[in-house]
Amino acid sequence: MQEDSLAIYLSLAKDINLPLEYKKKYNTKALMIITNQEDDSLNKVNLFKVANRYYNMNEWKDYLQTTKFILKRSIDSGDSVNVAKAYSYLGDYYVSKSVSDSAFLNYFKAEKVYSKINDRYNLAKTYLNKANLQFNEGDYFESEISVFKALRILKEEKNVNDLLYDCYNLLGLLYNEREEFNKALEFHNKALAILTDKSIPAEFQLKATSLNNIGFVNLKKHNYKIAKSYFKEALEEKNLYKQNATLYAIILDNLAYSRFKLEEPEELSTQFYKSLKIRDSLGLKSGVVLSKMHLSEYFASKKDTFKAIQYSKQALILSRSSNQINNVLEVLRQIAVVDPQNASVYSAEFIQLNDKMLKLERNMGEKFSRIQYETSEIKNQNSSLQEKNKTLIYVFSICTLIGLFFYVYKTQQARHRELLFKQQQQVANEDIYNLMILQQNDIEQTRIKEKKKVAQDLHDGVLGRMFGVRISLDSLDKVDEGEAAPKRKKYLEELKKIEEDIREISHDLNREKSELINNFIAILNKLFEDQRNTYEVKLISSFDSNIKWELVSNNVKINLYRIIQEALQNCNKYAKASTIVVEFKSEVDHLVLSIADDGIGFNTKTTRKGIGLHNIQYRATECKGSVFLKSAKGEGTLMIVKIPIDQKINLQHT
């Protein structure tokens, strides 16, 4: 009784004359019966029937749940055939949802199982599924490889013309996208030739599909007459509109477009509008976009700019809502032509979207490769672990003891290396600082020589010439007094000012800045100058003039320099500050460095200290000093470093 009910429910669930809600109800009843039956091969056949009916009804949630249920039962019972089939069904689900990486993963899992059980037909079918997925994501190279993998299998099999057709058709589409038109025509014609096999149902309208594809390749080659003949032949296929209205609309639009290119005006707009109406009624967004683009181009040729722009804008809005970047790019290309006033705006968006699309295609191709690699690696690792599991149990204890021994040994080695490193770092710091001082001395000596030379040139050359000009201007006294006197007075005053300015410059340039020699402040100023030139944040620095830097040890100087370096780096990376203030002050028995910023701050109690703060603490300790850190979220950060030094370094001037 229950078996009879199941057969009835399954039959009703695919009855095209019943409303969708009734078909769904009958399919759910069938599923309830099957779920309570014994798990055997017939049970899984019926479960797949239920899944197929959900798929045809576009009931994706129920389809997914049913397929996962089949997969679980198949794994539990060790049924490899149905495990692979369930993975393929999951791949189909994720294709319908445009989740390409998940679809690829499930197809790849199905491929591995089919390969293991040597199911060559379904293995080839899975390769073809992968190829279609890769083609849709723009990964044409890998798609081509997958198709030829399928073809190598199919050419050794019998009664596989349905899959051979799909392979040849996909290769034709692929080569057309790569603009290898002769190859595209070759494979589309191969696909068409296969359709002489009467076992392939005519209601699939594959002949019309191939004729349209061949016509489309010729359309792209600008062979409009040939294209037109193929489109007309395709439209003559019996029951085309009834059995595949979508394909009918595509061919009708392609025919109208080829006639448009041939400048055949009769009923041209009628064909464009008819195709648009069919596509709109079927909810085919991409098709509607294409129809409106063709209408835009048509009206542009008729000099009807208003309609041309109107249809282009409608196509642009619709393509953006469909999240199909290819469609948006094509519309932007068209609208830039019909609306030249805004062409620069559309061109900028085109470039941006095109870069985005290329990046997405590249990322998806890399993701497919990574999924394939990682899945294979996991499988290999699992197999290896199963084989070695027993051995590892025996070896584990020995390895633990050996590991413990090496840990103790390496720890002692690390401590020894750390001590050596600290000693070497101290020596290196001294050497670096001395080199910096020598370099600064050389730079300043060169600057002084250059300044003296400039001062001498200014004094002996420019001032002499200016004096001569002033004497020459005095000769204006011979000219009529009423005319010359005001000019003479004006020039003389101006020349006197210039003479004074140049003399002042000469004196400034000639003044030796001996304090720069061997000066730690000059080195810090160079660091601050680099900071200002590299980052937009404002840097304010001040030095207590009473500190006698020549009495501060090189070790303290180099550590202070490194502390400031590290602090500035932390500000640049994390603080998001607009102002940084670095100050040196002298206190009794201490040299005090304070670094403050008005950045975002952080919680000093909860935030984990990074290596930068540890380095600062370490360097302060090297100088027998201390570090005080004050910060809070939104209140900036203040760091104070105190270094004990000899009192005579901080003696105040009396």
# chains A, B, ... in the order shown; residues from 1 in each chain; ligands from 1
call {"tool": "residues_around", "arguments": {"residues": "Ile563 (chain A)", "least_positions_apart": "3", "cutoff": "9 Å", "atoms": "only C-alpha atoms", "output": "PDB file with C-alpha atoms, in the first residue's frame"}}
result
ATOM      1  CA  ILE A 558      72.742  55.091  21.085  1.00  0.00           C
ATOM      2  CA  ASN A 559      70.055  53.578  23.322  1.00  0.00           C
ATOM      3  CA  LEU A 560      68.196  56.906  23.510  1.00  0.00           C
ATOM      4  CA  GLU A 566      61.083  52.633  18.126  1.00  0.00           C
ATOM      5  CA  ALA A 567      58.606  55.078  19.681  1.00  0.00           C
ATOM      6  CA  LEU A 568      58.165  57.002  16.412  1.00  0.00           C
ATOM      7  CA  ASN A 615      62.768  46.717  23.147  1.00  0.00           C
ATOM      8  CA  ILE A 616      62.248  50.163  24.682  1.00  0.00           C
ATOM      9  CA  GLN A 617      62.105  48.648  28.178  1.00  0.00           C
ATOM     10  CA  ARG A 619      67.214  49.595  26.215  1.00  0.00           C
ATOM     11  CA  ALA A 620      66.209  51.728  29.195  1.00  0.00           C
ATOM     12  CA  VAL A 641      62.218  57.480  30.012  1.00  0.00           C
TER      13      VAL A 641
END
call {"tool": "residues_around", "arguments": {"residues": "Lys238 (chain A)", "least_positions_apart": "5", "cutoff": "12 Å", "atoms": "only C-alpha atoms", "output": "list in words"}}
result
Ala202, Glu203, Phe204, Gln205, Leu206, Lys207, Ala208, Glu233, Gln243, Asn244 and Tyr248 of chain A
call {"tool": "residues_around", "arguments": {"residues": "Gln65 (chain A)", "least_positions_apart": "3", "cutoff": "12 Å", "atoms": "only C-alpha atoms", "output": "list in words"}}
result
Thr28, Leu31, Leu47, Phe48, Val50, Ala51, Tyr54, Tyr55, Glu59, Trp60, Lys61, Asp62, Lys68, Phe69, Ile70, Leu71, Lys72, Ala86, Tyr89, Leu90 and Tyr93 of chain A
call {"tool": "residues_around", "arguments": {"residues": "Asp79 (chain A)", "least_positions_apart": "2", "cutoff": "12 Å", "atoms": "only C-alpha atoms", "output": "ChimeraX atom specification"}}
result
/A:39-41,44,70-77,81-86,113-114,117
call {"tool": "atom_distance", "arguments": {"atom1": "CA of Tyr273 (chain A)", "atom2": "CA of Ser96 (chain A)"}}
result
28.9 Å
call {"tool": "select_by_dssp", "arguments": {"residues": "region 208-263 of chain A", "states": "alpha helix (DSSP H)", "output": "number ranges by chain"}}
result
A: 208-220, 224-235, 240-243, 245-261
call {"tool": "write_last_selection", "arguments": {"atoms": "C-alpha atoms", "output": "PDB file, in the first residue's frame"}}
result
ATOM      1  CA  ALA A 208      18.769  25.428 -32.693  1.00  0.00           C
ATOM      2  CA  THR A 209      21.387  26.013 -29.998  1.00  0.00           C
ATOM      3  CA  SER A 210      24.264  25.019 -32.292  1.00  0.00           C
ATOM      4  CA  LEU A 211      22.908  26.995 -35.256  1.00  0.00           C
ATOM      5  CA  ASN A 212      22.640  30.034 -33.004  1.00  0.00           C
ATOM      6  CA  ASN A 213      26.198  29.511 -31.716  1.00  0.00           C
ATOM      7  CA  ILE A 214      27.609  29.236 -35.241  1.00  0.00           C
ATOM      8  CA  GLY A 215      25.669  32.339 -36.246  1.00  0.00           C
ATOM      9  CA  PHE A 216      26.996  34.192 -33.213  1.00  0.00           C
ATOM     10  CA  VAL A 217      30.636  33.360 -34.060  1.00  0.00           C
ATOM     11  CA  ASN A 218      30.052  34.729 -37.573  1.00  0.00           C
ATOM     12  CA  LEU A 219      28.409  37.794 -36.038  1.00  0.00           C
ATOM     13  CA  LYS A 220      31.578  38.455 -34.054  1.00  0.00           C
ATOM     14  CA  TYR A 224      26.645  39.314 -41.026  1.00  0.00           C
ATOM     15  CA  LYS A 225      25.060  37.603 -44.018  1.00  0.00           C
ATOM     16  CA  ILE A 226      26.279  34.172 -42.927  1.00  0.00           C
ATOM     17  CA  ALA A 227      25.212  34.877 -39.365  1.00  0.00           C
ATOM     18  CA  LYS A 228      21.761  35.929 -40.524  1.00  0.00           C
ATOM     19  CA  SER A 229      21.265  32.691 -42.477  1.00  0.00           C
ATOM     20  CA  TYR A 230      22.103  30.547 -39.420  1.00  0.00           C
ATOM     21  CA  PHE A 231      19.791  32.541 -37.147  1.00  0.00           C
ATOM     22  CA  LYS A 232      16.924  32.217 -39.645  1.00  0.00           C
ATOM     23  CA  GLU A 233      17.503  28.476 -39.934  1.00  0.00           C
ATOM     24  CA  ALA A 234      17.531  28.142 -36.143  1.00  0.00           C
ATOM     25  CA  LEU A 235      14.194  29.967 -35.816  1.00  0.00           C
ATOM     26  CA  LEU A 240      11.252  26.157 -30.636  1.00  0.00           C
ATOM     27  CA  TYR A 241       9.223  28.859 -28.889  1.00  0.00           C
ATOM     28  CA  LYS A 242       7.077  26.342 -26.998  1.00  0.00           C
ATOM     29  CA  GLN A 243       9.953  24.140 -25.830  1.00  0.00           C
ATOM     30  CA  ALA A 245      11.301  30.383 -25.156  1.00  0.00           C
ATOM     31  CA  THR A 246      14.587  31.666 -23.764  1.00  0.00           C
ATOM     32  CA  LEU A 247      16.565  30.307 -26.717  1.00  0.00           C
ATOM     33  CA  TYR A 248      13.907  31.636 -29.133  1.00  0.00           C
ATOM     34  CA  ALA A 249      14.327  35.156 -27.707  1.00  0.00           C
ATOM     35  CA  ILE A 250      18.121  34.929 -27.988  1.00  0.00           C
ATOM     36  CA  ILE A 251      18.036  33.838 -31.628  1.00  0.00           C
ATOM     37  CA  LEU A 252      15.417  36.451 -32.527  1.00  0.00           C
ATOM     38  CA  ASP A 253      17.540  39.207 -30.991  1.00  0.00           C
ATOM     39  CA  ASN A 254      20.686  37.931 -32.749  1.00  0.00           C
ATOM     40  CA  LEU A 255      18.812  37.839 -36.070  1.00  0.00           C
ATOM     41  CA  ALA A 256      17.582  41.401 -35.588  1.00  0.00           C
ATOM     42  CA  TYR A 257      21.095  42.552 -34.709  1.00  0.00           C
ATOM     43  CA  SER A 258      22.667  40.901 -37.773  1.00  0.00           C
ATOM     44  CA  ARG A 259      19.975  42.519 -39.945  1.00  0.00           C
ATOM     45  CA  PHE A 260      20.710  45.849 -38.250  1.00  0.00           C
ATOM     46  CA  LYS A 261      24.382  45.470 -39.209  1.00  0.00           C
TER      47      LYS A 261
END
call {"tool": "residues_around", "arguments": {"residues": "region 160-171 of chain A", "least_positions_apart": "5", "cutoff": "9 Å", "atoms": "only C-alpha atoms", "output": "PyMOL selection string"}}
result
chain A and resi 121+124-125+128+131-132+135+143-144+147-148+150-151+154-155+176+183-184+186-195+197+199-200+206+210+213
call {"tool": "atom_distance", "arguments": {"atom1": "CA of Ile523 (chain A)", "atom2": "CA of Leu638 (chain A)"}}
result
23.1 Å
call {"tool": "atom_distance", "arguments": {"atom1": "CA of Gln569 (chain A)", "atom2": "CA of Lys630 (chain A)"}}
result
17.6 Å
call {"tool": "closest_residue", "arguments": {"among": "A:Val337, A:Leu42, A:Ala577, A:Ile595", "to": "Ala300 (chain A)", "atoms": "only C-alpha atoms"}}
result
A:Val337
call {"tool": "residues_around", "arguments": {"residues": "Val289 (chain A)", "least_positions_apart": "2", "cutoff": "12 Å", "atoms": "only C-alpha atoms", "output": "PyMOL selection string"}}
result
chain A and resi 250+253+275-277+279-280+283-287+291-296+311-322+324+326-332+334
call {"tool": "write_last_selection", "arguments": {"atoms": "N, CA and C atoms", "output": "compact mmCIF listing (two decimals), in the first residue's frame"}}
result
# COMPACT_ATOMS: atom_id res chain seq x y z
N ILE A 250 16.71 34.67 -27.68
CA ILE A 250 18.12 34.93 -27.99
C ILE A 250 18.35 34.96 -29.50
N ASP A 253 16.75 37.99 -31.21
CA ASP A 253 17.54 39.21 -30.99
C ASP A 253 18.81 39.20 -31.85
N SER A 275 11.77 40.33 -28.95
CA SER A 275 12.75 39.61 -28.13
C SER A 275 12.79 40.18 -26.72
N LEU A 276 12.77 41.51 -26.60
CA LEU A 276 12.79 42.17 -25.29
C LEU A 276 11.58 41.76 -24.46
N LYS A 277 10.41 41.73 -25.10
CA LYS A 277 9.18 41.39 -24.38
C LYS A 277 9.23 39.96 -23.83
N ARG A 279 11.95 38.15 -23.15
CA ARG A 279 12.95 38.09 -22.08
C ARG A 279 12.44 38.72 -20.79
N ASP A 280 11.73 39.83 -20.94
CA ASP A 280 11.19 40.51 -19.76
C ASP A 280 10.14 39.64 -19.07
N GLY A 283 11.74 37.01 -17.02
CA GLY A 283 12.61 37.49 -15.94
C GLY A 283 14.08 37.28 -16.22
N LEU A 284 14.48 37.33 -17.49
CA LEU A 284 15.88 37.11 -17.86
C LEU A 284 16.61 38.45 -17.88
N LYS A 285 17.19 38.80 -16.74
CA LYS A 285 17.81 40.13 -16.62
C LYS A 285 18.93 40.35 -17.63
N SER A 286 19.81 39.37 -17.76
CA SER A 286 20.94 39.54 -18.69
C SER A 286 20.43 39.70 -20.12
N GLY A 287 19.38 38.94 -20.49
CA GLY A 287 18.81 39.05 -21.82
C GLY A 287 18.16 40.40 -22.05
N SER A 291 19.08 43.17 -24.94
CA SER A 291 18.07 43.69 -25.86
C SER A 291 18.04 45.22 -25.81
N LYS A 292 18.12 45.78 -24.62
CA LYS A 292 18.08 47.24 -24.50
C LYS A 292 19.35 47.88 -25.05
N MET A 293 20.47 47.19 -24.93
CA MET A 293 21.70 47.70 -25.55
C MET A 293 21.56 47.75 -27.06
N HIS A 294 21.00 46.68 -27.63
CA HIS A 294 20.81 46.63 -29.09
C HIS A 294 19.84 47.72 -29.54
N LEU A 295 18.78 47.95 -28.75
CA LEU A 295 17.83 49.01 -29.09
C LEU A 295 18.50 50.38 -29.00
N SER A 296 19.37 50.55 -28.00
CA SER A 296 20.11 51.80 -27.88
C SER A 296 20.97 52.05 -29.11
N TYR A 311 17.51 53.93 -23.37
CA TYR A 311 17.66 52.47 -23.30
C TYR A 311 18.99 52.07 -22.68
N SER A 312 20.05 52.83 -22.95
CA SER A 312 21.36 52.53 -22.36
C SER A 312 21.32 52.69 -20.85
N LYS A 313 20.66 53.75 -20.39
CA LYS A 313 20.58 53.98 -18.94
C LYS A 313 19.74 52.90 -18.26
N GLN A 314 18.64 52.50 -18.91
CA GLN A 314 17.82 51.41 -18.36
C GLN A 314 18.65 50.13 -18.27
N ALA A 315 19.42 49.85 -19.31
CA ALA A 315 20.27 48.65 -19.32
C ALA A 315 21.32 48.74 -18.22
N LEU A 316 21.88 49.93 -18.00
CA LEU A 316 22.92 50.10 -16.98
C LEU A 316 22.36 49.85 -15.59
N ILE A 317 21.18 50.42 -15.31
CA ILE A 317 20.54 50.22 -13.99
C ILE A 317 20.26 48.75 -13.75
N LEU A 318 19.72 48.07 -14.75
CA LEU A 318 19.37 46.66 -14.61
C LEU A 318 20.62 45.79 -14.45
N SER A 319 21.66 46.09 -15.22
CA SER A 319 22.89 45.28 -15.14
C SER A 319 23.56 45.44 -13.79
N ARG A 320 23.50 46.64 -13.22
CA ARG A 320 24.09 46.84 -11.89
C ARG A 320 23.33 46.05 -10.83
N SER A 321 22.01 45.96 -10.97
CA SER A 321 21.21 45.23 -9.97
C SER A 321 21.41 43.72 -10.07
N SER A 322 21.89 43.24 -11.21
CA SER A 322 22.06 41.80 -11.39
C SER A 322 23.43 41.31 -10.94
N GLN A 324 26.15 41.31 -12.43
CA GLN A 324 26.91 40.68 -13.51
C GLN A 324 27.87 41.72 -14.08
N ASN A 326 30.25 41.55 -16.23
CA ASN A 326 30.39 41.54 -17.69
C ASN A 326 29.32 42.37 -18.37
N ASN A 327 28.08 42.22 -17.89
CA ASN A 327 26.97 42.99 -18.47
C ASN A 327 27.17 44.49 -18.25
N VAL A 328 27.59 44.85 -17.03
CA VAL A 328 27.81 46.27 -16.73
C VAL A 328 28.88 46.85 -17.65
N LEU A 329 29.95 46.09 -17.87
CA LEU A 329 31.04 46.58 -18.73
C LEU A 329 30.54 46.83 -20.15
N GLU A 330 29.75 45.89 -20.68
CA GLU A 330 29.24 46.05 -22.05
C GLU A 330 28.33 47.28 -22.16
N VAL A 331 27.49 47.48 -21.13
CA VAL A 331 26.58 48.62 -21.16
C VAL A 331 27.37 49.93 -21.07
N LEU A 332 28.38 49.96 -20.21
CA LEU A 332 29.20 51.17 -20.08
C LEU A 332 29.89 51.50 -21.39
N GLN A 334 28.72 50.82 -24.34
CA GLN A 334 27.69 51.33 -25.25
C GLN A 334 27.25 52.74 -24.88
call {"tool": "closest_residue", "arguments": {"among": "A:Ile398, A:Val581, A:Leu290, A:Leu524", "to": "Met639 (chain A)", "atoms": "only C-alpha atoms"}}
result
A:Val581
